[in-house]
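Structure file work-v2.csv with CSV, C-alpha atoms and all ligand atoms:
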chain,number,residue,atom,x,y,z
A,1,MET,CA,-31.7,8.3,-5.6
A,2,ARG,CA,-29.5,10.0,-3.1
A,3,ILE,CA,-25.9,9.4,-4.1
A,4,LEU,CA,-22.7,10.1,-2.2
A,5,VAL,CA,-19.6,10.9,-4.2
A,6,THR,CA,-16.4,10.9,-2.2
A,7,GLY,CA,-13.6,13.0,-3.8
A,8,GLY,CA,-16.4,14.8,-5.7
A,9,ALA,CA,-14.5,18.1,-5.9
A,10,GLY,CA,-11.7,16.4,-7.8
A,11,PHE,CA,-11.2,15.8,-11.5
A,12,LEU,CA,-13.2,12.6,-12.1
A,13,GLY,CA,-15.6,13.1,-9.2
A,14,SER,CA,-16.8,16.5,-10.5
A,15,HIS,CA,-17.5,15.1,-14.0
A,16,LEU,CA,-19.4,12.2,-12.4
A,17,ILE,CA,-21.4,14.7,-10.3
A,18,ASP,CA,-22.3,16.6,-13.5
A,19,ARG,CA,-23.8,13.4,-15.0
A,20,LEU,CA,-25.6,12.3,-11.8
A,21,MET,CA,-27.2,15.8,-11.3
A,22,ALA,CA,-28.2,15.8,-15.0
A,23,GLN,CA,-29.9,12.5,-14.4
A,24,GLY,CA,-32.0,14.1,-11.6
A,25,HIS,CA,-30.4,12.4,-8.6
A,26,GLU,CA,-29.7,14.0,-5.3
A,27,VAL,CA,-25.9,14.2,-4.8
A,28,VAL,CA,-23.9,14.6,-1.7
A,29,CYS,CA,-20.3,15.5,-2.4
A,30,LEU,CA,-17.7,14.8,0.3
A,31,ASP,CA,-14.2,16.2,-0.1
A,32,ASN,CA,-11.3,17.5,2.0
A,33,PHE,CA,-10.1,19.7,-0.9
A,34,TYR,CA,-6.6,18.2,-0.9
A,35,THR,CA,-6.4,18.0,-4.7
A,36,GLY,CA,-10.0,19.0,-5.3
A,37,THR,CA,-11.4,22.5,-5.6
A,38,LYS,CA,-14.8,24.2,-5.2
A,39,ARG,CA,-14.4,25.6,-8.6
A,40,ASN,CA,-15.1,22.2,-10.1
A,41,ILE,CA,-18.5,22.0,-8.5
A,42,LEU,CA,-19.3,25.7,-8.4
A,43,LYS,CA,-22.3,25.4,-10.7
A,44,TRP,CA,-24.1,23.1,-8.3
A,45,LEU,CA,-23.6,24.9,-5.0
A,46,ASP,CA,-26.9,26.7,-5.1
A,47,ASN,CA,-28.9,23.7,-6.3
A,48,PRO,CA,-31.2,22.3,-3.6
A,49,TYR,CA,-30.5,18.7,-4.8
A,50,PHE,CA,-26.7,19.2,-4.2
A,51,GLU,CA,-24.9,19.1,-0.9
A,52,LEU,CA,-21.2,19.7,-0.2
A,53,ILE,CA,-19.6,18.5,2.9
A,54,ARG,CA,-16.0,19.3,3.8
A,55,HIS,CA,-14.9,16.1,5.4
A,56,ASP,CA,-11.8,13.8,5.5
A,57,ILE,CA,-12.8,10.2,4.9
A,58,THR,CA,-10.2,9.0,7.4
A,59,GLU,CA,-12.8,10.1,10.0
A,60,PRO,CA,-16.2,8.2,10.1
A,61,ILE,CA,-19.4,10.0,9.0
A,62,ARG,CA,-23.0,9.1,9.2
A,63,LEU,CA,-25.3,9.8,6.2
A,64,GLU,CA,-28.3,8.3,4.6
A,65,VAL,CA,-27.6,7.4,0.9
A,66,ASP,CA,-28.6,4.8,-1.7
A,67,GLN,CA,-25.3,4.6,-3.6
A,68,ILE,CA,-21.7,5.5,-2.8
A,69,TYR,CA,-19.1,6.3,-5.5
A,70,HIS,CA,-15.9,6.2,-3.5
A,71,LEU,CA,-13.2,8.2,-5.4
A,72,ALA,CA,-11.5,10.1,-2.6
A,73,CYS,CA,-7.7,9.7,-2.9
A,74,PRO,CA,-5.1,11.8,-4.6
A,75,ALA,CA,-4.3,10.2,-8.0
A,76,SER,CA,-1.2,12.0,-9.2
A,77,PRO,CA,2.1,10.5,-8.1
A,78,ILE,CA,3.4,13.9,-6.9
A,79,HIS,CA,0.4,14.4,-4.7
A,80,TYR,CA,0.0,10.9,-3.4
A,81,GLN,CA,3.8,10.8,-2.6
A,82,TYR,CA,3.8,14.1,-0.8
A,83,ASN,CA,2.4,12.5,2.3
A,84,PRO,CA,2.5,8.7,1.7
A,85,VAL,CA,1.3,7.7,5.2
A,86,LYS,CA,-1.8,9.9,4.7
A,87,THR,CA,-2.3,8.2,1.3
A,88,ILE,CA,-2.3,4.8,2.9
A,89,LYS,CA,-4.7,6.1,5.6
A,90,THR,CA,-7.0,7.5,3.0
A,91,ASN,CA,-7.0,4.2,1.0
A,92,VAL,CA,-7.3,1.8,4.0
A,93,ILE,CA,-9.0,3.7,6.9
A,94,GLY,CA,-11.0,5.9,4.5
A,95,THR,CA,-12.2,3.0,2.4
A,96,MET,CA,-13.1,1.0,5.6
A,97,ASN,CA,-15.1,4.0,6.8
A,98,MET,CA,-17.0,4.2,3.5
A,99,LEU,CA,-17.6,0.4,3.4
A,100,GLY,CA,-18.8,0.6,7.0
A,101,LEU,CA,-21.3,3.3,6.0
A,102,ALA,CA,-22.4,1.2,3.0
A,103,LYS,CA,-23.0,-1.7,5.3
A,104,ARG,CA,-25.0,0.3,7.8
A,105,VAL,CA,-27.3,2.0,5.4
A,106,LYS,CA,-27.3,-0.9,2.8
A,107,ALA,CA,-26.0,1.4,0.1
A,108,ARG,CA,-24.4,0.0,-3.1
A,109,PHE,CA,-20.6,0.7,-2.9
A,110,PHE,CA,-18.4,1.6,-5.9
A,111,LEU,CA,-14.6,1.6,-5.5
A,112,ALA,CA,-12.4,3.6,-7.9
A,113,SER,CA,-9.4,1.3,-8.0
A,114,THR,CA,-6.6,1.6,-10.5
A,115,SER,CA,-4.5,0.0,-13.1
A,116,GLU,CA,-1.6,0.6,-10.6
A,117,VAL,CA,-2.7,-2.7,-8.9
A,118,TYR,CA,-0.9,-4.4,-11.8
A,119,GLY,CA,2.3,-2.5,-10.9
A,120,ASP,CA,5.0,-2.7,-13.6
A,121,PRO,CA,3.2,-5.4,-15.5
A,122,ASP,CA,4.9,-8.3,-17.2
A,123,VAL,CA,1.6,-9.4,-18.8
A,124,HIS,CA,0.5,-7.1,-21.7
A,125,PRO,CA,-2.2,-5.9,-22.2
A,126,GLN,CA,-3.5,-6.3,-18.6
A,127,THR,CA,-6.6,-8.5,-18.0
A,128,GLU,CA,-8.4,-8.5,-14.7
A,129,GLU,CA,-7.1,-12.0,-13.9
A,130,TYR,CA,-3.5,-10.8,-13.9
A,131,ARG,CA,-2.3,-10.4,-10.3
A,132,GLY,CA,0.3,-7.8,-10.9
A,133,ASN,CA,3.9,-7.0,-10.2
A,134,VAL,CA,4.0,-4.4,-7.4
A,135,ASN,CA,7.0,-3.3,-5.3
A,136,CYS,CA,5.5,-3.3,-1.8
A,137,ILE,CA,8.3,-1.1,-0.4
A,138,GLY,CA,8.7,1.3,-3.3
A,139,ILE,CA,7.6,5.0,-3.5
A,140,ARG,CA,4.4,4.1,-5.4
A,141,SER,CA,3.3,1.5,-2.9
A,142,CYS,CA,1.4,3.9,-0.6
A,143,TYR,CA,-0.9,4.2,-3.6
A,144,ASP,CA,-0.8,0.9,-5.4
A,145,GLU,CA,-0.7,-1.3,-2.2
A,146,GLY,CA,-3.3,1.1,-0.7
A,147,LYS,CA,-5.6,0.4,-3.6
A,148,ARG,CA,-5.0,-3.3,-3.4
A,149,VAL,CA,-6.0,-3.3,0.2
A,150,ALA,CA,-9.1,-1.2,-0.7
A,151,GLU,CA,-10.1,-3.9,-3.2
A,152,THR,CA,-9.5,-6.6,-0.6
A,153,LEU,CA,-11.6,-4.7,1.9
A,154,SER,CA,-14.4,-4.3,-0.7
A,155,PHE,CA,-14.5,-8.0,-1.4
A,156,ASP,CA,-14.3,-9.0,2.2
A,157,TYR,CA,-17.1,-6.6,3.2
A,158,HIS,CA,-19.0,-8.2,0.3
A,159,ARG,CA,-18.3,-11.8,1.3
A,160,GLN,CA,-18.6,-11.3,5.1
A,161,ASN,CA,-21.3,-8.6,5.4
A,162,GLY,CA,-23.1,-8.9,2.1
A,163,VAL,CA,-22.2,-5.3,1.0
A,164,ASP,CA,-23.2,-4.8,-2.6
A,165,ILE,CA,-19.9,-3.7,-4.3
A,166,ARG,CA,-18.7,-2.6,-7.7
A,167,VAL,CA,-14.9,-2.4,-8.4
A,168,VAL,CA,-13.4,-0.6,-11.4
A,169,ARG,CA,-9.7,-0.5,-12.3
A,170,ILE,CA,-9.2,2.9,-14.0
A,171,PHE,CA,-6.4,3.3,-16.6
A,172,ASN,CA,-4.9,6.8,-17.2
A,173,THR,CA,-7.7,9.2,-17.8
A,174,TYR,CA,-7.5,12.9,-18.8
A,175,GLY,CA,-9.7,15.8,-19.6
A,176,PRO,CA,-10.8,19.3,-18.7
A,177,ARG,CA,-10.5,20.3,-15.0
A,178,MET,CA,-7.2,18.5,-14.3
A,179,LEU,CA,-5.2,20.8,-12.1
A,180,GLU,CA,-2.5,22.8,-13.9
A,181,ASN,CA,-0.1,21.6,-11.2
A,182,ASP,CA,-1.6,18.1,-11.1
A,183,GLY,CA,1.7,16.6,-12.1
A,184,ARG,CA,0.3,13.9,-14.4
A,185,VAL,CA,1.6,13.6,-17.9
A,186,VAL,CA,-1.2,15.0,-20.0
A,187,SER,CA,-1.7,18.1,-17.8
A,188,ASN,CA,2.0,18.7,-17.5
A,189,PHE,CA,2.6,18.6,-21.2
A,190,ILE,CA,-0.3,20.8,-22.1
A,191,ALA,CA,0.4,23.4,-19.4
A,192,GLN,CA,4.1,23.4,-20.4
A,193,ALA,CA,3.4,23.9,-24.1
A,194,LEU,CA,0.9,26.6,-23.5
A,195,ARG,CA,3.4,28.5,-21.3
A,196,ASN,CA,6.2,28.1,-23.8
A,197,GLU,CA,8.2,26.0,-21.4
A,198,PRO,CA,10.0,22.8,-22.3
A,199,LEU,CA,7.9,19.5,-22.2
A,200,THR,CA,9.5,17.3,-19.5
A,201,VAL,CA,9.7,13.7,-20.7
A,202,TYR,CA,10.9,11.3,-17.9
A,203,GLY,CA,13.4,8.7,-18.9
A,204,ASP,CA,13.8,8.2,-22.7
A,205,GLY,CA,10.0,8.4,-23.2
A,206,SER,CA,9.7,4.8,-24.4
A,207,GLN,CA,7.4,3.8,-21.6
A,208,THR,CA,3.8,3.5,-22.7
A,209,ARG,CA,0.4,4.5,-21.4
A,210,SER,CA,-3.2,4.3,-22.8
A,211,PHE,CA,-5.3,7.4,-22.4
A,212,CYS,CA,-9.0,7.5,-21.8
A,213,TYR,CA,-11.1,10.7,-22.1
A,214,VAL,CA,-13.1,11.5,-19.0
A,215,SER,CA,-16.6,11.4,-20.5
A,216,ASP,CA,-16.0,7.8,-21.7
A,217,LEU,CA,-14.8,6.8,-18.2
A,218,VAL,CA,-17.8,8.3,-16.4
A,219,GLU,CA,-20.2,6.5,-18.8
A,220,GLY,CA,-18.5,3.2,-17.8
A,221,PHE,CA,-18.8,4.1,-14.1
A,222,ILE,CA,-22.5,4.7,-14.3
A,223,ARG,CA,-23.1,1.5,-16.4
A,224,LEU,CA,-21.2,-0.7,-14.0
A,225,MET,CA,-22.8,0.8,-10.9
A,226,ASN,CA,-26.3,0.1,-12.3
A,227,SER,CA,-25.5,-3.4,-13.6
A,228,ASP,CA,-25.5,-6.7,-11.8
A,229,GLU,CA,-21.7,-7.3,-12.2
A,230,ILE,CA,-19.4,-6.6,-9.3
A,231,GLY,CA,-16.0,-6.6,-11.1
A,232,PRO,CA,-13.2,-6.0,-10.8
A,233,MET,CA,-13.4,-4.4,-14.2
A,234,ASN,CA,-10.8,-2.5,-16.3
A,235,LEU,CA,-12.0,0.8,-17.7
A,236,GLY,CA,-9.7,2.6,-20.1
A,237,ASN,CA,-8.9,3.3,-23.7
A,238,PRO,CA,-6.8,0.6,-25.3
A,239,GLY,CA,-5.0,3.1,-27.6
A,240,GLU,CA,-1.4,2.8,-26.4
A,241,TYR,CA,1.2,5.5,-27.0
A,242,THR,CA,4.8,6.0,-25.8
A,243,ILE,CA,5.3,9.1,-23.6
A,244,LEU,CA,7.6,10.6,-26.3
A,245,GLU,CA,4.8,10.2,-28.9
A,246,LEU,CA,2.4,11.9,-26.5
A,247,ALA,CA,4.8,14.8,-26.0
A,248,GLN,CA,5.3,15.2,-29.8
A,249,LYS,CA,1.5,15.1,-30.4
A,250,ILE,CA,0.9,17.8,-27.8
A,251,GLN,CA,3.9,19.8,-29.1
A,252,ASN,CA,2.4,19.7,-32.6
A,253,MET,CA,-1.1,20.6,-31.5
A,254,ILE,CA,0.0,23.6,-29.3
A,255,ASN,CA,3.4,24.9,-30.1
A,256,PRO,CA,5.6,23.1,-32.7
A,257,GLY,CA,8.5,25.2,-31.6
A,258,ALA,CA,8.3,24.0,-28.0
A,259,GLU,CA,11.4,22.2,-26.7
A,260,ILE,CA,11.2,18.6,-25.4
A,261,ILE,CA,13.7,17.8,-22.6
A,262,PHE,CA,14.5,14.6,-20.8
A,263,LYS,CA,14.5,14.2,-17.0
A,264,PRO,CA,15.3,11.1,-14.8
A,265,LEU,CA,12.7,8.4,-14.8
A,266,PRO,CA,11.1,8.1,-11.3
A,267,GLN,CA,11.6,4.8,-9.4
A,268,ASP,CA,9.3,2.0,-10.3
A,269,ASP,CA,7.7,3.9,-13.2
A,270,PRO,CA,5.7,1.2,-15.1
A,271,LYS,CA,7.3,0.5,-18.5
A,272,GLN,CA,4.0,-0.4,-20.3
A,273,ARG,CA,0.3,-0.2,-19.7
A,274,GLN,CA,-2.7,-1.1,-21.8
A,275,PRO,CA,-6.1,-2.3,-20.6
A,276,ASP,CA,-7.8,-5.4,-21.9
A,277,ILE,CA,-11.4,-4.2,-21.9
A,278,THR,CA,-13.0,-7.5,-23.1
A,279,ARG,CA,-14.9,-7.7,-19.8
A,280,ALA,CA,-16.3,-4.2,-20.0
A,281,LYS,CA,-17.3,-4.8,-23.6
A,282,THR,CA,-19.0,-8.1,-22.9
A,283,TRP,CA,-20.6,-7.3,-19.6
A,284,LEU,CA,-21.6,-3.7,-20.2
A,285,GLY,CA,-21.4,-3.2,-23.9
A,286,TRP,CA,-19.0,-0.3,-23.1
A,287,GLU,CA,-16.1,0.9,-25.1
A,288,PRO,CA,-14.4,4.3,-25.4
A,289,THR,CA,-15.7,6.6,-28.2
A,290,VAL,CA,-13.5,9.7,-27.9
A,291,PRO,CA,-10.2,9.5,-29.9
A,292,LEU,CA,-7.1,10.9,-28.3
A,293,ASP,CA,-6.8,13.8,-30.7
A,294,ARG,CA,-10.3,15.0,-30.0
A,295,GLY,CA,-10.0,14.5,-26.3
A,296,LEU,CA,-6.7,16.5,-26.3
A,297,GLU,CA,-8.3,19.3,-28.2
A,298,LEU,CA,-11.1,19.6,-25.6
A,299,THR,CA,-8.5,19.5,-22.8
A,300,ILE,CA,-6.2,22.0,-24.4
A,301,GLN,CA,-9.1,24.4,-24.8
A,302,ASP,CA,-10.0,24.2,-21.1
A,303,PHE,CA,-6.3,24.7,-20.1
A,304,ARG,CA,-6.0,27.6,-22.6
A,305,ASP,CA,-9.1,29.3,-21.0
A,306,ARG,CA,-7.7,28.9,-17.5
A,307,ILE,CA,-4.0,29.7,-18.2
A,308,GLU,CA,-4.7,32.6,-20.6
A,309,GLY,CA,-7.6,33.8,-18.4
A,310,ASN,CA,-5.2,33.9,-15.4
A,311,GLN,CA,-2.7,36.0,-17.3
A,312,LYS,CA,-5.3,38.7,-18.2
B,401,LIG,P1,-8.1,14.0,-8.0
B,401,LIG,O1,-6.8,14.1,-7.2
B,401,LIG,O2,-8.5,15.0,-8.9
B,401,LIG,O3,-9.4,13.7,-7.0
B,401,LIG,C1,-9.3,13.1,-5.8
B,401,LIG,C2,-10.3,13.9,-4.8
B,401,LIG,O4,-10.3,13.2,-3.6
B,401,LIG,C3,-9.9,15.3,-4.6
B,401,LIG,O5,-11.0,16.1,-4.7
B,401,LIG,C4,-9.3,15.3,-3.2
B,401,LIG,O6,-9.4,16.5,-2.5
B,401,LIG,C5,-10.1,14.2,-2.5
B,401,LIG,N1,-9.5,13.6,-1.4
B,401,LIG,C6,-8.3,13.1,-1.3
B,401,LIG,N2,-8.0,12.5,-0.1
B,401,LIG,C7,-9.2,12.7,0.6
B,401,LIG,C8,-9.6,12.4,2.0
B,401,LIG,N3,-8.8,11.8,2.8
B,401,LIG,N4,-10.8,12.7,2.4
B,401,LIG,C9,-11.7,13.4,1.5
B,401,LIG,N5,-11.4,13.7,0.2
B,401,LIG,C10,-10.1,13.4,-0.2
B,401,LIG,O7,-8.0,12.6,-8.7
B,401,LIG,P2,-8.9,11.9,-9.9
B,401,LIG,O8,-8.1,11.7,-11.1
B,401,LIG,O9,-10.2,12.6,-9.9
B,401,LIG,O10,-9.1,10.4,-9.2
B,401,LIG,C11,-10.3,10.1,-8.5
B,401,LIG,C12,-10.1,8.6,-8.1
B,401,LIG,O11,-9.9,7.8,-9.3
B,401,LIG,C13,-9.0,8.3,-7.2
B,401,LIG,O12,-9.4,7.4,-6.2
B,401,LIG,C14,-7.9,7.7,-8.1
B,401,LIG,O13,-7.1,6.8,-7.4
B,401,LIG,C15,-8.8,7.0,-9.1
B,401,LIG,N6,-8.0,6.8,-10.4
B,401,LIG,C16,-7.9,7.9,-11.2
B,401,LIG,C17,-7.2,7.7,-12.4
B,401,LIG,C18,-7.0,8.8,-13.4
B,401,LIG,O14,-6.3,8.6,-14.4
B,401,LIG,N7,-7.6,9.9,-13.3
B,401,LIG,C19,-6.6,6.5,-12.7
B,401,LIG,C20,-6.7,5.4,-11.8
B,401,LIG,C21,-7.5,5.6,-10.6
B,402,LIG,N1,5.7,11.6,-17.2
B,402,LIG,C1,6.6,12.4,-18.0
B,402,LIG,N2,6.6,13.7,-17.8
B,402,LIG,C2,5.8,14.4,-16.9
B,402,LIG,C3,4.9,13.6,-16.1
B,402,LIG,C4,4.9,12.2,-16.3
B,402,LIG,O1,7.3,11.8,-18.8
B,402,LIG,O2,5.9,15.6,-16.8
B,402,LIG,C5,5.7,10.2,-17.4
B,402,LIG,C6,5.8,9.3,-16.2
B,402,LIG,O3,7.1,9.1,-15.9
B,402,LIG,C7,5.0,8.1,-16.6
B,402,LIG,C8,4.0,8.6,-17.6
B,402,LIG,O4,4.4,9.9,-18.0
B,402,LIG,O5,5.9,7.2,-17.3
B,402,LIG,C9,2.6,8.7,-17.0
B,402,LIG,O6,2.7,9.5,-15.8
B,402,LIG,P1,1.5,9.9,-14.9
B,402,LIG,O7,2.1,10.5,-13.6
B,402,LIG,O8,0.6,10.7,-15.7
B,402,LIG,O9,0.7,8.6,-14.6
B,402,LIG,P2,1.2,7.1,-14.0
B,402,LIG,O10,2.6,7.0,-14.0
B,402,LIG,O11,0.6,7.0,-12.7
B,402,LIG,O12,0.6,6.2,-15.0
Whole structure given in structure tokens:
Amino acid sequence: MRILVTGGAGFLGSHLIDRLMAQGHEVVCLDNFYTGTKRNILKWLDNPYFELIRHDITEPIRLEVDQIYHLACPASPIHYQYNPVKTIKTNVIGTMNMLGLAKRVKARFFLASTSEVYGDPDVHPQTEEYRGNVNCIGIRSCYDEGKRVAETLSFDYHRQNGVDIRVVRIFNTYGPRMLENDGRVVSNFIAQALRNEPLTVYGDGSQTRSFCYVSDLVEGFIRLMNSDEIGPMNLGNPGEYTILELAQKIQNMINPGAEIIFKPLPQDDPKQRQPDITRAKTWLGWEPTVPLDRGLELTIQDFRDRIEGNQK
């Protein structure tokens, strides 16, 4: 198949491309390199079955493809809040452009949505039926309301135009290739500990997140895309940790002498988050297989190579 991956030079997109190329597909990667980098897809650049297009999805594009994995959107709060209006345009106009493309060429369309659609959840763990608790005028809304509209657009193109859609709600995922300055918690703590800087816990660190290793997530993507279910479907690892526990774990793994400091909690930071993955288990027979300790080891090794490599 010829498969388009938007945001393919980013963290998740580049891991997905590795899997799709290994399966023998032809892959078109479309990216504007806002938070993505050519380094992530370097090994495919000379492959005749791989094509890289520098393109911003807020502009329309014409391509012939069979499937579209639509991932383009900055995922880290510091990057999506840097230019919030652009984030909304990417989620709304960009998703509309990609759905328009799917409609025209009759491609199956996969939306990378997010657990952020549940906002600061008052139902725990979160099931797909839960409608969320989102602040529509807060600093996270460019992203979470943007993704909610992206889901609405997907379901309306499905109902109105018969576009074949798949929608996943991704919970915090980590792994090799996250940018050192990505700003998300796992990459921050690892980069800080390796550089002998204090680990910055926001608030008192009692807020929780559930961390999924990237290879598990990509397996779930491919299973849903090639199933008959449309979703929405939660994908994530139900293992839930407080942010302080995560900081201590990474501190112990890298540098037990590293300091942990406390910084102000950003506005609207969700207090708890854990996926209910009954749907993914029942529909796809999917569940995560990589425990947090193992996933962190693999991620730390990758950061060590990059950070210590840079210092040489
Ligand atoms: P990332 O920031 O590493 O990747 C996003 C990619 O999209 C980058 O390569 C970036 O350059 C590209 N991009 C951004 N705006 C674009 C535009 N207008 N046109 C073209 N390309 C553009 O983030 P990621 O972690 O790989 O996330 C990928 C997707 O998964 C995003 O849609 C994100 O919302 C979603 N998601 C990720 C997580 C997670 O924990 N990693 C959780 C929930 C949802
Ligand atoms: N966080 C933190 N220190 C950091 C970065 C993030 O304590 O250096 C916290 C953040 O406030 C949030 C959690 O870690 O409570 C997860 O943050 P991240 O940005 O990774 O993801 P999201 O908030 O979007 O789930």
Q. Hey, can you check how far atom CA of Arg140 of chain A sits from atom CA of Asp268 of chain A?
A. 7.2 Å
**Q.** Site check for ligand LIG 401 (chain B): residues at most 7 Å away, all atoms listed in the file, as a VMD selection string
**A.** chain A and resid 6 to 13 30 to 37 55 to 58 71 to 76 90 94 112 to 115 169 to 174 178
**Q.** Cut-off 12 Å around (-6.4, 1.1, -10.9) with only C-alpha atoms: residues as a PyMOL selection string
**A.** chain A and resi 71+73+75+111-119+126-128+132+143-151+167-173+232-236+273-275
Determine, for each residue of chain A having at least one atom at most 8 Å from an atom of ligand LIG 402 (chain B), the closest pair of atoms and their separation in Å to one decimal, counting all atoms listed in the file; order by chain and ascending number, as CSV.
residue,atom,partner,partner_atom,distance
A:Ala75,CA,B:LIG402,O11,7.5
A:Ser76,CA,B:LIG402,O7,5.7
A:Pro77,CA,B:LIG402,O7,5.5
A:Ile78,CA,B:LIG402,O7,7.6
A:Glu116,CA,B:LIG402,O11,7.1
A:Phe171,CA,B:LIG402,O12,7.7
A:Asn172,CA,B:LIG402,O12,6.0
A:Gly183,CA,B:LIG402,C3,5.9
A:Arg184,CA,B:LIG402,O8,3.5
A:Val185,CA,B:LIG402,C3,3.8
A:Val186,CA,B:LIG402,O8,6.3
A:Asn188,CA,B:LIG402,O2,5.0
A:Phe189,CA,B:LIG402,O2,6.3
A:Leu199,CA,B:LIG402,O2,7.0
A:Thr200,CA,B:LIG402,O2,4.8
A:Val201,CA,B:LIG402,O1,3.6
A:Tyr202,CA,B:LIG402,O1,3.7
A:Gly203,CA,B:LIG402,O1,6.8
A:Gly205,CA,B:LIG402,O1,6.2
A:Gln207,CA,B:LIG402,O5,5.7
A:Thr208,CA,B:LIG402,O5,6.9
A:Arg209,CA,B:LIG402,C9,6.5
A:Ile243,CA,B:LIG402,O4,5.7
A:Leu244,CA,B:LIG402,O1,7.6
A:Phe262,CA,B:LIG402,O1,8.0
A:Lys263,CA,B:LIG402,O1,7.8
A:Leu265,CA,B:LIG402,O3,5.7
A:Pro266,CA,B:LIG402,O3,6.2
A:Asp269,CA,B:LIG402,O5,5.6
A:Pro270,CA,B:LIG402,O5,6.4
A:Lys271,CA,B:LIG402,O5,6.9
A:Arg273,CA,B:LIG402,O12,7.9
**Q.** Selected residue of minimal separation from His70 of chain A among A:Arg166, A:His124, A:Arg104, A:Lys43, counting all atoms listed in the file
**A.**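 The closest residue to His70 of chain A is A:Arg166.
Among the candidates A:Leu246, A:Val123, A:Leu99, A:Met21, the one nearest to Met1 of chain A when counting all atoms listed in the file is A:Met21.
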